[in-house]
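Chemist: Next up is a structure, given as structure tokens.
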Amino acid sequence: MNCKKIVIWSLVVGALLGVTGAVYAADDMRGFEIAARSDRTDVGFGDSEVELQMVLRNAAGQESSRSLRIATLEKPDESVGDKSLVVFDTPRDIEGTALLSHAKILDPDDQWLYLPALKRVKRISSSNKSGPFVGSEFAFEDFTAIELNKFDYTYVGEVPCGDLTCDVLERAPRYENSGYTKQVSWVDQTDYQIRKVEFYDRRGDLLKVLEMSDYRNYEGIWRAHKLTMSNVQTNKQTDLLYGTYEFGTGLAENDFVKGRLSRLR
Amino acid sequence: MRIFTIFLLLAAQFLAVSPARGEEVDVSGSIELQVRAFWNDPAWIGQDDQALQGTLVSTTEFRWRSEEGNQRASLIPYLRWDATDSDRSLVDLHEAYWAYEGRDYEILVGSNTVFWGVTESVHLVDIINQTDFAGDIDGEDKLGQPMVSLALQRDWGEISAFVMPYFSERTFAGVDGRFRPQLPIDTDRAQYESSSRESHVDFALRYSHYFGDVDIGLYAFSGTSREPRFVAADDGQSLLPVYDLIDQVGLDLQYTSEAWLWKLEAIARDGYVSTFAAAVGGFEYTFYQVSESSADIGLLLEYQYDGRNELEPITIADNDVFLGTRFALNDVQDTAVLAGVSYDVRTGETFVNIEAERRFGEDWFVELRVRAFSGAEQGDATYWLQQDDYAQLSIARFF
């Protein structure tokens with residue numbers, strides 16, 4: 001192969017790469033914009049408190065439930081994660097168990113667990129992102145605050161979803177230790193809320209489907225009140241049934257420090 | 001029995017007063033049946049030689065919070081009745097306090113439990129509460145500690161101060177019970193270095209915070225040692241606990257990185273006759289979702305050092321290696337097993353500890369513990385426990 005041919009081939013290959021690259025870039029940009037528009041409908045909620053029931057159902061249909069409370073403090077800066085506090089009221093033997101999270105975007109979150117039997121505050125590893133959260137079908141990474149910049153996005157297309165039309169996005173985790181290769185999310189074009197997410201495991205097979213419904217609007221802030229996570233590989237299912245959210249309850253940084261964990265009850 | 005009457009009255013008052021203000025008292029708790037099985041004959045004269053020991057434990061929690069949320073109160077009477085050893089029966093107020101919380105401070109008055117520390121094999125720095133040694137030899141059962149405490153939260157960490165006006169003696173098995181030395185411990189004739197005995201006022205000050213991946217705690221304590229020494233009674237028939245005044249500083253440190261937890265606890269104590277240091281340090285590493293299941297397996301390794309001489313209160317954690325594993329199924333029932341062995345590098349004594357637990361339904365909780373001692377010669381710290389290997393099944397109903 002002479003020099004001239006090499007130059008021509010290089011130009012052809014380069015052009016091809018460039019064109020496909022540009023198409024990908026456009027889809028990435030559009031995907032990110034849709035995700036960002038959805039994420040930003042949430043901006044300015046400040047803080048919230050909510051009680052919820054977690055109903056776990058195995059393949060045979062046997063149910064068990066847990067009740068918990070979640071307090072969240074918004075960090076408006078998209079480069080910093082929100083702070084959250086999850087406290088369990090039932091089952092009774094773990095009543096008062098609490099998980100405090102300071103979410104980060106790409107670094108591991110800071111997390112502390114409070115064990116009421118010993119009154120012990122324990123800093124825990126947050127690299128266990130893909131592990132089940134309290135025996136449910138939700139992994140830690142599904143449950144902690146979903147931050148915009150934790151993912152790379154690609155626009156896939158639009159499909160009808162119920163009475164609405166949804167944009168379909170693929171999102172790939174940018175953080176380490178995720179149990180997923182990708183997620184496919186459905187975001188409606190009316191209220192810009194996520195209606196459904198498919199989770200693909202490390203082998204690339206469909207693992208779980210999350211359906212988010214019963215959206216209610218709190219003075220401009222949307223919240224889903226029913227989340228159903230179905231594991232299509234094990235046929236287990238977990239429902240999260242939320243009560244009424246309270247916003248602007250006056251939560252502050254000092255409510256999300258580890259020293260407070262022993263004062264929650 | 002007087003204290004029993006007091007808390008019943010308090011409880012009644014609690015329930016009577018609060019509904020009038022439109023505030024709720026949350027009542028919860030558990031009833032637990034424990035059965036211990038010993039497979040060796042007891043070592044000492046006077047110990048009950050039945051293989052089974054039955055115990056009933058009741059914990060009731062009354063909790064109240066004001067409508068504004070800034071005041072709360074707690075009352076937790078704990079009752080234990082042992083069929084074999086009356087000295088193991090106990091009435092204690094694990095909590096009985098009122099607390100007021102401001103934006104960046106908290107004041108608490110009454111009886112409470114406070115835990116400090118990071119390691120698993122021994123709780124070296126934990127000092128506020130007395131250990132209920134008759135309840136469990138692992139040192140994790142505690143008695144409520146009367147206190148006035150003030151905690152201040154700042155950007156640079158939390159400072160908490162404790163004034164403790166009353167001291168509780170450590171509980172020990174009686175003449176009939178297992179887990180006692182050859183001479184029984186006569187807890188009715190405890191001795192104190194302080195002339196004000198259990199009314200000596202103890203102080204503690206602690207700083208706690210985190211810097212990135214490092215969590216740190218530092219404290220100073222001045223007061224009555226929670227650990228007693230023992231002296232022989234004049235008649236030579238029993239041992240008497242002696243509670244000295246001590247000064248102690250402590251440090252607890254944890255570095256958390258990926259699946260690694262690196263832990264260190266250290267103290268320096270001006271004790272009965274000398275000043276000494278002790279430390280325990282090591283790591284916990286967790287393999288998450290082992291072979292694509294939901295289960296986690298953790299490996300723990302800790303080394304225990306204690307520089308005290310033989311005149312100070314006895315410790316078994318003086319030159320020991322602890323190797324353990326934690327197995328968590330992460331299922332709906334929270335099934336978990338913790339198993340470990342401590343090995344004294346100098347004397348060859350070993351202590352094996354296995355704890356397995358699981359929830360049944362929504363309200364039942366079952367735990368199995370197996371503990372075994374071996375390798376001690378006369379004069380070693382665990383010699384008196386050599387016949388006390390046991391398995392304990394406990395079934396608790398929560399409400």
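Residues in the structure tokens are numbered from 1 in each chain, the chains being A, B, ... in the order shown, and ligands are numbered from 1 in the order shown.
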Would you list which chain B residues are within 6 Å of chain A using only C-alpha atoms, as an NGL selection string?

Modeler: :B and (115 or 258-259 or 330-332 or 362 or 398)

Chemist: Please identify all polymer residues within 10 Å of Thr335 (chain B), counting only C-alpha atoms, omitting same-chain residues fewer than 5 positions from it, and present them as a ChimeraX atom specification.

Modeler: /A:135 /B:295,327-330,356-360,366-367

Chemist: Next, dump the selected residues to file, keeping only C-alpha atoms, as a PDB file, in the first residue's frame.

Modeler:
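out.pdb written:
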ATOM      1  CA  GLY A 135     -34.217  -7.623  51.069  1.00  0.00           C
TER       2      GLY A 135
ATOM      3  CA  ALA B 295     -25.621 -12.754  49.872  1.00  0.00           C
ATOM      4  CA  PHE B 327     -22.578 -13.865  56.335  1.00  0.00           C
ATOM      5  CA  ALA B 328     -25.670 -11.871  55.369  1.00  0.00           C
ATOM      6  CA  LEU B 329     -28.279 -13.425  53.115  1.00  0.00           C
ATOM      7  CA  ASN B 330     -29.960 -10.019  52.459  1.00  0.00           C
ATOM      8  CA  ALA B 356     -27.046 -16.725  63.798  1.00  0.00           C
ATOM      9  CA  GLU B 357     -30.320 -14.801  63.515  1.00  0.00           C
ATOM     10  CA  ARG B 358     -33.458 -14.622  61.417  1.00  0.00           C
ATOM     11  CA  ARG B 359     -36.903 -13.062  61.497  1.00  0.00           C
ATOM     12  CA  PHE B 360     -39.984 -15.258  61.203  1.00  0.00           C
ATOM     13  CA  VAL B 366     -34.963 -16.145  66.545  1.00  0.00           C
ATOM     14  CA  GLU B 367     -31.312 -16.169  67.468  1.00  0.00           C
TER      15      GLU B 367
END

Chemist: Skipping near chain neighbours, those fewer than 3 positions away, what residues fall within 12 Å of Ser194 (chain B) using only C-alpha atoms, listed as a ChimeraX atom specification?

Modeler: /B:167,190-191,197-202,223-225,242-246

Chemist: Which residues, written as a PyMOL selection string, have at least one atom at most 8 Å from Asp344 (chain B), with only C-alpha atoms counted and residues fewer than 3 positions away on the same chain left out?

Modeler: chain B and resi 317-321+347-350

Chemist: Just the residues within 8 Å of Met212 (chain A), please, counting only C-alpha atoms, with nothing from its chain fewer than 5 positions along; format it as a PDB file with C-alpha atoms, in the first residue's frame.

Modeler:
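So around-v9.pdb came out as:
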ATOM      1  CA  ILE A 194     -40.295   9.154  34.392  1.00  0.00           C
ATOM      2  CA  ARG A 195     -43.039   6.562  33.885  1.00  0.00           C
ATOM      3  CA  LYS A 196     -41.068   3.359  33.488  1.00  0.00           C
ATOM      4  CA  ALA A 224     -44.998   9.345  42.008  1.00  0.00           C
ATOM      5  CA  HIS A 225     -46.867   7.637  44.864  1.00  0.00           C
ATOM      6  CA  LYS A 226     -46.648   4.088  43.628  1.00  0.00           C
ATOM      7  CA  LEU A 227     -43.426   2.449  42.499  1.00  0.00           C
ATOM      8  CA  THR A 228     -43.531  -1.186  41.430  1.00  0.00           C
TER       9      THR A 228
END

Chemist: Step one, run DSSP on the backbone; step two, keep only residues of region 11-257 of chain A assigned to strand (DSSP E); then write them as a count of residues only.

Modeler: 113

Chemist: Find the residues near Ser230 (chain A): any atom within 12 Å, counting only C-alpha atoms, skip ones fewer than 3 places away on the same chain, and give them as a PDB file with C-alpha atoms, in the first residue's frame.

Modeler:
ATOM      1  CA  VAL A  55     -44.515  -4.457  50.235  1.00  0.00           C
ATOM      2  CA  LEU A  56     -42.300  -7.396  49.246  1.00  0.00           C
ATOM      3  CA  ARG A  57     -43.820 -10.257  47.305  1.00  0.00           C
ATOM      4  CA  ASN A  58     -42.041 -13.489  46.415  1.00  0.00           C
ATOM      5  CA  ALA A  59     -42.693 -15.657  43.358  1.00  0.00           C
ATOM      6  CA  SER A 136     -36.302  -5.849  48.424  1.00  0.00           C
ATOM      7  CA  GLU A 137     -36.081  -5.817  44.623  1.00  0.00           C
ATOM      8  CA  PHE A 138     -34.711  -2.289  44.867  1.00  0.00           C
ATOM      9  CA  LYS A 196     -41.068   3.359  33.488  1.00  0.00           C
ATOM     10  CA  VAL A 197     -37.488   2.107  33.665  1.00  0.00           C
ATOM     11  CA  GLU A 198     -36.028  -1.169  32.433  1.00  0.00           C
ATOM     12  CA  PHE A 199     -32.842  -2.391  34.085  1.00  0.00           C
ATOM     13  CA  LEU A 206     -33.378  -7.573  31.121  1.00  0.00           C
ATOM     14  CA  LEU A 207     -33.438  -7.911  34.926  1.00  0.00           C
ATOM     15  CA  LYS A 208     -36.111  -5.633  36.365  1.00  0.00           C
ATOM     16  CA  VAL A 209     -38.878  -3.281  35.322  1.00  0.00           C
ATOM     17  CA  LEU A 210     -39.854  -0.274  37.430  1.00  0.00           C
ATOM     18  CA  GLU A 211     -43.246   1.318  36.922  1.00  0.00           C
ATOM     19  CA  MET A 212     -43.907   4.711  38.463  1.00  0.00           C
ATOM     20  CA  LEU A 227     -43.426   2.449  42.499  1.00  0.00           C
ATOM     21  CA  GLN A 233     -35.788 -13.204  36.224  1.00  0.00           C
ATOM     22  CA  THR A 234     -37.059 -14.272  39.688  1.00  0.00           C
ATOM     23  CA  ASN A 235     -40.706 -13.065  39.483  1.00  0.00           C
ATOM     24  CA  LYS A 236     -40.305 -11.283  42.804  1.00  0.00           C
ATOM     25  CA  GLN A 237     -41.834  -7.856  43.206  1.00  0.00           C
ATOM     26  CA  THR A 238     -41.580  -4.883  45.533  1.00  0.00           C
ATOM     27  CA  ASP A 239     -44.125  -2.071  45.776  1.00  0.00           C
ATOM     28  CA  LEU A 240     -43.388   1.277  47.378  1.00  0.00           C
TER      29      LEU A 240
END

Chemist: Which residues are close to region 24-36 of chain A, i.e. within 7 Å by only C-alpha atoms, leaving aside same-chain residues fewer than 5 positions away? Reply as a ChimeraX atom specification.

Modeler: /A:148,153-155,169
